[in-house]
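**Student:** I'd like to ask some things about the structure below.
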Amino acid sequence: MTLKRTLLAVHAHPDDETITTGGTLARYGAEGVRTVVVTCTQGDLGWVFDPDLVGRDVGTLRDAELESACSMLGVGRLVRLGYCDSGMAGTPENQRPGAFFRADLHEAADRLVKVLEDERPQVMLAYDAMGGYGHPDHVKAHQVAVAAFEAAGAARPEKLYFVRFPLTWSREFVRELREAGIDAPGSAPAGADAGPELREIGVPDDLVTTAIDVRRYLPTKLAALACHRSQLPADHFLRRMPPELAQRLWAYEYFSREVGPIVRPAGLEADLFAELD
């Protein structure tokens with residue numbers, strides 16, 4: 001029996017799925033691949049930036065936004081692991097009851113293994129060891145994803161990728177935004193507050209193995225971003241980009257292949273399912 005092609009992405013908070021992998025999810029969903037998003041936390045410590053939404057319960061609000069965004073992206077299944085947001089590194093919220101940061105690694109990984117057993121994805125997406133920019137929930141999401149991947153036995157995906165921001169692209173992203181009169185905080189192309197200790201987000205270009213062309217699906221990604229109104233109101237820098245600038249800066253989403261067939265194409269891989277039967 002040939003299993004349906006399935007792609008599973010592990011994310012920390014609502015909106016991460018769209019900002020970092022929205023084009024990829026939209027593309028593969030449109031191509032008939034079953035896409036599964038696992039969101040580890042409720043994002044309940046997020047600030048509400050849209051004034052029309054101030055006063056509403058943040059966790060409930062972001063959960064509804066996540067549902068809408070995943071529907072927009074054509075996600076086949078959304079799984080919530082149900083942990084609480086841990087806040088930024090070194091804050092007291094890291095240790096609050098239910099925080100993902102203090103969750104038992106094996107218990108959290110077991111939750112994810114059950115999803116892998118149910119879905120049997122051939123390809124799994126996760127963050128790198130820094131979680132992209134060092135947020136405790138992103139780092140923990142990486143740890144949980146890798147632990148689950150290693151513990152999944154027969155349900156282990158054939159390929160594991162980490163989300164990457166190549167430095168050349170990251171620097172160009174910030175430069176072009178500022179030239180367009182759009183202030184990008186720090187140099188955080190993912191739209192995150194990198195914190196005072198991190199001056200730049202990105203990895204050396206040579207760590208990147210894979211570039212997924214998502215130009216055709218940029219309108220879908222932008223529509224999904226708009227679903228996350230509490231975090232990304234209309235005046236947020238990621239939503240203020242002129243269409244032609246967004247089309248150029250978000251033409252590709254980047255990954256590094258960590259586990260999978262060892263045959264490498266000349267240049268960057270263009271398909272997450274390449275070399276799979």
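Residue numbers start at 1 in each chain; chains themselves are named A, B, ... in the order of the structure tokens; ligands are numbered from 1 in the order shown.
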Could you please write out, as an MDAnalysis selection string, every residue of range 52-273 of chain A that DSSP assigns to alpha helix (DSSP H)?

**Tutor:** chainID A and resid 58:72 105:119 136:151 167:179 218:227 243:249

**Student:** Could you take the residues named above and write them with C-alpha atoms, as a PDB file, in the first residue's frame?

**Tutor:**
ATOM      1  CA  VAL A  58      -5.397  36.057  24.526  1.00  0.00           C
ATOM      2  CA  GLY A  59      -5.233  32.266  24.433  1.00  0.00           C
ATOM      3  CA  THR A  60      -8.789  31.934  23.154  1.00  0.00           C
ATOM      4  CA  LEU A  61      -8.244  34.694  20.621  1.00  0.00           C
ATOM      5  CA  ARG A  62      -5.040  33.239  19.236  1.00  0.00           C
ATOM      6  CA  ASP A  63      -6.526  29.763  19.084  1.00  0.00           C
ATOM      7  CA  ALA A  64      -9.322  31.044  16.836  1.00  0.00           C
ATOM      8  CA  GLU A  65      -6.794  32.925  14.716  1.00  0.00           C
ATOM      9  CA  LEU A  66      -4.729  29.759  14.352  1.00  0.00           C
ATOM     10  CA  GLU A  67      -7.778  27.825  13.217  1.00  0.00           C
ATOM     11  CA  SER A  68      -8.583  30.455  10.585  1.00  0.00           C
ATOM     12  CA  ALA A  69      -5.014  30.684   9.309  1.00  0.00           C
ATOM     13  CA  CYS A  70      -4.647  26.913   8.986  1.00  0.00           C
ATOM     14  CA  SER A  71      -7.924  26.755   7.096  1.00  0.00           C
ATOM     15  CA  MET A  72      -6.666  29.477   4.757  1.00  0.00           C
ATOM     16  CA  LEU A 105      10.725  16.361  27.434  1.00  0.00           C
ATOM     17  CA  HIS A 106       9.761  12.700  27.188  1.00  0.00           C
ATOM     18  CA  GLU A 107       6.113  13.351  28.010  1.00  0.00           C
ATOM     19  CA  ALA A 108       5.881  16.095  25.401  1.00  0.00           C
ATOM     20  CA  ALA A 109       7.711  13.973  22.831  1.00  0.00           C
ATOM     21  CA  ASP A 110       5.309  11.089  23.501  1.00  0.00           C
ATOM     22  CA  ARG A 111       2.388  13.362  22.602  1.00  0.00           C
ATOM     23  CA  LEU A 112       4.052  14.147  19.312  1.00  0.00           C
ATOM     24  CA  VAL A 113       4.955  10.497  18.646  1.00  0.00           C
ATOM     25  CA  LYS A 114       1.250   9.652  18.828  1.00  0.00           C
ATOM     26  CA  VAL A 115       0.595  12.177  16.081  1.00  0.00           C
ATOM     27  CA  LEU A 116       3.402  10.682  13.989  1.00  0.00           C
ATOM     28  CA  GLU A 117       1.893   7.231  14.485  1.00  0.00           C
ATOM     29  CA  ASP A 118      -1.521   8.479  13.408  1.00  0.00           C
ATOM     30  CA  GLU A 119      -0.329  10.414  10.368  1.00  0.00           C
ATOM     31  CA  PRO A 136      12.383  29.279  25.016  1.00  0.00           C
ATOM     32  CA  ASP A 137       9.280  27.795  23.387  1.00  0.00           C
ATOM     33  CA  HIS A 138      10.997  27.595  20.009  1.00  0.00           C
ATOM     34  CA  VAL A 139      14.035  25.905  21.518  1.00  0.00           C
ATOM     35  CA  LYS A 140      11.796  23.460  23.386  1.00  0.00           C
ATOM     36  CA  ALA A 141       9.806  22.798  20.197  1.00  0.00           C
ATOM     37  CA  HIS A 142      13.074  21.818  18.507  1.00  0.00           C
ATOM     38  CA  GLN A 143      13.998  19.509  21.370  1.00  0.00           C
ATOM     39  CA  VAL A 144      10.565  17.871  21.448  1.00  0.00           C
ATOM     40  CA  ALA A 145      10.455  17.450  17.673  1.00  0.00           C
ATOM     41  CA  VAL A 146      13.891  15.821  17.525  1.00  0.00           C
ATOM     42  CA  ALA A 147      13.125  13.567  20.512  1.00  0.00           C
ATOM     43  CA  ALA A 148       9.851  12.463  18.932  1.00  0.00           C
ATOM     44  CA  PHE A 149      11.513  11.878  15.566  1.00  0.00           C
ATOM     45  CA  GLU A 150      14.117   9.650  17.205  1.00  0.00           C
ATOM     46  CA  ALA A 151      11.543   7.773  19.294  1.00  0.00           C
ATOM     47  CA  LEU A 167      21.994  35.270   6.512  1.00  0.00           C
ATOM     48  CA  THR A 168      22.231  36.734   3.027  1.00  0.00           C
ATOM     49  CA  TRP A 169      18.440  36.637   2.730  1.00  0.00           C
ATOM     50  CA  SER A 170      17.891  37.860   6.295  1.00  0.00           C
ATOM     51  CA  ARG A 171      20.096  40.903   5.784  1.00  0.00           C
ATOM     52  CA  GLU A 172      18.499  41.683   2.431  1.00  0.00           C
ATOM     53  CA  PHE A 173      15.048  41.363   3.989  1.00  0.00           C
ATOM     54  CA  VAL A 174      15.785  43.983   6.620  1.00  0.00           C
ATOM     55  CA  ARG A 175      17.655  46.285   4.234  1.00  0.00           C
ATOM     56  CA  GLU A 176      14.879  46.317   1.647  1.00  0.00           C
ATOM     57  CA  LEU A 177      12.181  46.893   4.239  1.00  0.00           C
ATOM     58  CA  ARG A 178      14.027  49.882   5.628  1.00  0.00           C
ATOM     59  CA  GLU A 179      14.677  51.261   2.162  1.00  0.00           C
ATOM     60  CA  LEU A 218       2.190  34.262  -1.537  1.00  0.00           C
ATOM     61  CA  PRO A 219      -1.379  35.677  -1.673  1.00  0.00           C
ATOM     62  CA  THR A 220      -2.514  32.718   0.433  1.00  0.00           C
ATOM     63  CA  LYS A 221       0.287  33.267   2.933  1.00  0.00           C
ATOM     64  CA  LEU A 222      -0.557  36.963   3.215  1.00  0.00           C
ATOM     65  CA  ALA A 223      -4.239  36.151   3.743  1.00  0.00           C
ATOM     66  CA  ALA A 224      -3.278  33.693   6.492  1.00  0.00           C
ATOM     67  CA  LEU A 225      -1.073  36.345   8.121  1.00  0.00           C
ATOM     68  CA  ALA A 226      -4.086  38.652   8.231  1.00  0.00           C
ATOM     69  CA  CYS A 227      -5.950  35.996  10.240  1.00  0.00           C
ATOM     70  CA  PRO A 243       2.964  43.428  -3.002  1.00  0.00           C
ATOM     71  CA  GLU A 244       5.973  43.571  -5.316  1.00  0.00           C
ATOM     72  CA  LEU A 245       8.352  43.704  -2.338  1.00  0.00           C
ATOM     73  CA  ALA A 246       6.606  40.830  -0.563  1.00  0.00           C
ATOM     74  CA  GLN A 247       6.715  38.824  -3.788  1.00  0.00           C
ATOM     75  CA  ARG A 248      10.477  39.279  -3.955  1.00  0.00           C
ATOM     76  CA  LEU A 249      11.363  38.830  -0.284  1.00  0.00           C
TER      77      LEU A 249
END

**Student:** Near Leu25 in chain A, counting only C-alpha atoms, which residues have an atom at most 7 Å away, once you skip same-chain residues fewer than 6 positions from it, shown as a ChimeraX atom specification?

**Tutor:** /A:35,73,75

**Student:** Near range 37-46 of chain A, within 6 Å and counting only C-alpha atoms, which residues show up once chain neighbours fewer than 6 positions away are dropped, as a list of chain:residue names?

**Tutor:**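 With the cut-off at 6 Å, the set is A:Leu8, A:Ala9, A:Val10, A:His11, A:Ala12, A:His13, A:Val58, A:Gly59, A:Leu78, A:Val79, A:Arg80, A:Leu81, A:Gly82, A:Tyr83, A:Cys84, A:Asp85.
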
**Student:** Dump N, CA and C atoms for the selected residues as an mmCIF file, in the first residue's frame?

**Tutor:**
data_model
loop_
_atom_site.group_PDB
_atom_site.id
_atom_site.type_symbol
_atom_site.label_atom_id
_atom_site.label_comp_id
_atom_site.auth_asym_id
_atom_site.auth_seq_id
_atom_site.Cartn_x
_atom_site.Cartn_y
_atom_site.Cartn_z
ATOM 1 N N LEU A 8 4.379 17.080 7.927
ATOM 2 C CA LEU A 8 4.038 17.502 9.282
ATOM 3 C C LEU A 8 5.016 18.572 9.742
ATOM 4 N N ALA A 9 4.477 19.673 10.246
ATOM 5 C CA ALA A 9 5.299 20.794 10.717
ATOM 6 C C ALA A 9 5.034 21.040 12.190
ATOM 7 N N VAL A 10 6.105 21.167 12.974
ATOM 8 C CA VAL A 10 6.003 21.413 14.413
ATOM 9 C C VAL A 10 6.315 22.882 14.678
ATOM 10 N N HIS A 11 5.390 23.582 15.335
ATOM 11 C CA HIS A 11 5.561 25.009 15.620
ATOM 12 C C HIS A 11 5.305 25.300 17.093
ATOM 13 N N ALA A 12 5.810 26.446 17.538
ATOM 14 C CA ALA A 12 5.741 26.804 18.952
ATOM 15 C C ALA A 12 4.450 27.523 19.318
ATOM 16 N N HIS A 13 4.087 28.555 18.534
ATOM 17 C CA HIS A 13 2.956 29.425 18.871
ATOM 18 C C HIS A 13 2.040 29.600 17.665
ATOM 19 N N VAL A 58 -6.403 36.184 25.577
ATOM 20 C CA VAL A 58 -5.397 36.057 24.526
ATOM 21 C C VAL A 58 -5.331 34.635 23.990
ATOM 22 N N GLY A 59 -5.332 33.645 24.884
ATOM 23 C CA GLY A 59 -5.233 32.266 24.433
ATOM 24 C C GLY A 59 -6.398 31.871 23.544
ATOM 25 N N LEU A 78 -4.943 20.162 12.269
ATOM 26 C CA LEU A 78 -4.273 21.004 13.251
ATOM 27 C C LEU A 78 -4.306 20.286 14.594
ATOM 28 N N VAL A 79 -3.122 20.108 15.200
ATOM 29 C CA VAL A 79 -2.995 19.450 16.498
ATOM 30 C C VAL A 79 -2.432 20.460 17.484
ATOM 31 N N ARG A 80 -3.089 20.593 18.616
ATOM 32 C CA ARG A 80 -2.603 21.477 19.678
ATOM 33 C C ARG A 80 -2.076 20.613 20.824
ATOM 34 N N LEU A 81 -0.791 20.772 21.147
ATOM 35 C CA LEU A 81 -0.268 20.011 22.286
ATOM 36 C C LEU A 81 -0.753 20.577 23.609
ATOM 37 N N GLY A 82 -1.164 21.855 23.643
ATOM 38 C CA GLY A 82 -1.887 22.393 24.784
ATOM 39 C C GLY A 82 -1.064 22.994 25.898
ATOM 40 N N TYR A 83 0.216 23.239 25.676
ATOM 41 C CA TYR A 83 1.037 23.846 26.721
ATOM 42 C C TYR A 83 0.827 25.356 26.764
ATOM 43 N N CYS A 84 1.215 25.955 27.889
ATOM 44 C CA CYS A 84 1.144 27.405 28.037
ATOM 45 C C CYS A 84 2.406 28.048 27.469
ATOM 46 N N ASP A 85 2.249 29.254 27.018
ATOM 47 C CA ASP A 85 3.368 30.071 26.563
ATOM 48 C C ASP A 85 4.355 30.250 27.721
#

**Student:** For each of A:Ala270, A:Leu207, A:Met241, A:Ala129, take the minimum atom-to-atom distance to Gly181 in chain A, counting only C-alpha atoms, then give the residue where this is smallest.

**Tutor:**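 For Gly181 in chain A, the nearest of the given residues is A:Met241.
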
**Student:** So how many Å separate CA of Asp128 in chain A and CA of Trp47 in chain A, to one decimal?

**Tutor:**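 If I compute the distance from CA of Asp128 in chain A to CA of Trp47 in chain A, I get 25.0 Å.
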
**Student:** Which parts of range 19-261 of chain A does DSSP call strand (DSSP E) when run on the backbone here, written out as a PyMOL selection string?

**Tutor:** chain A and resi 34-41+77-83+123-126+159-164+210-213+252-259
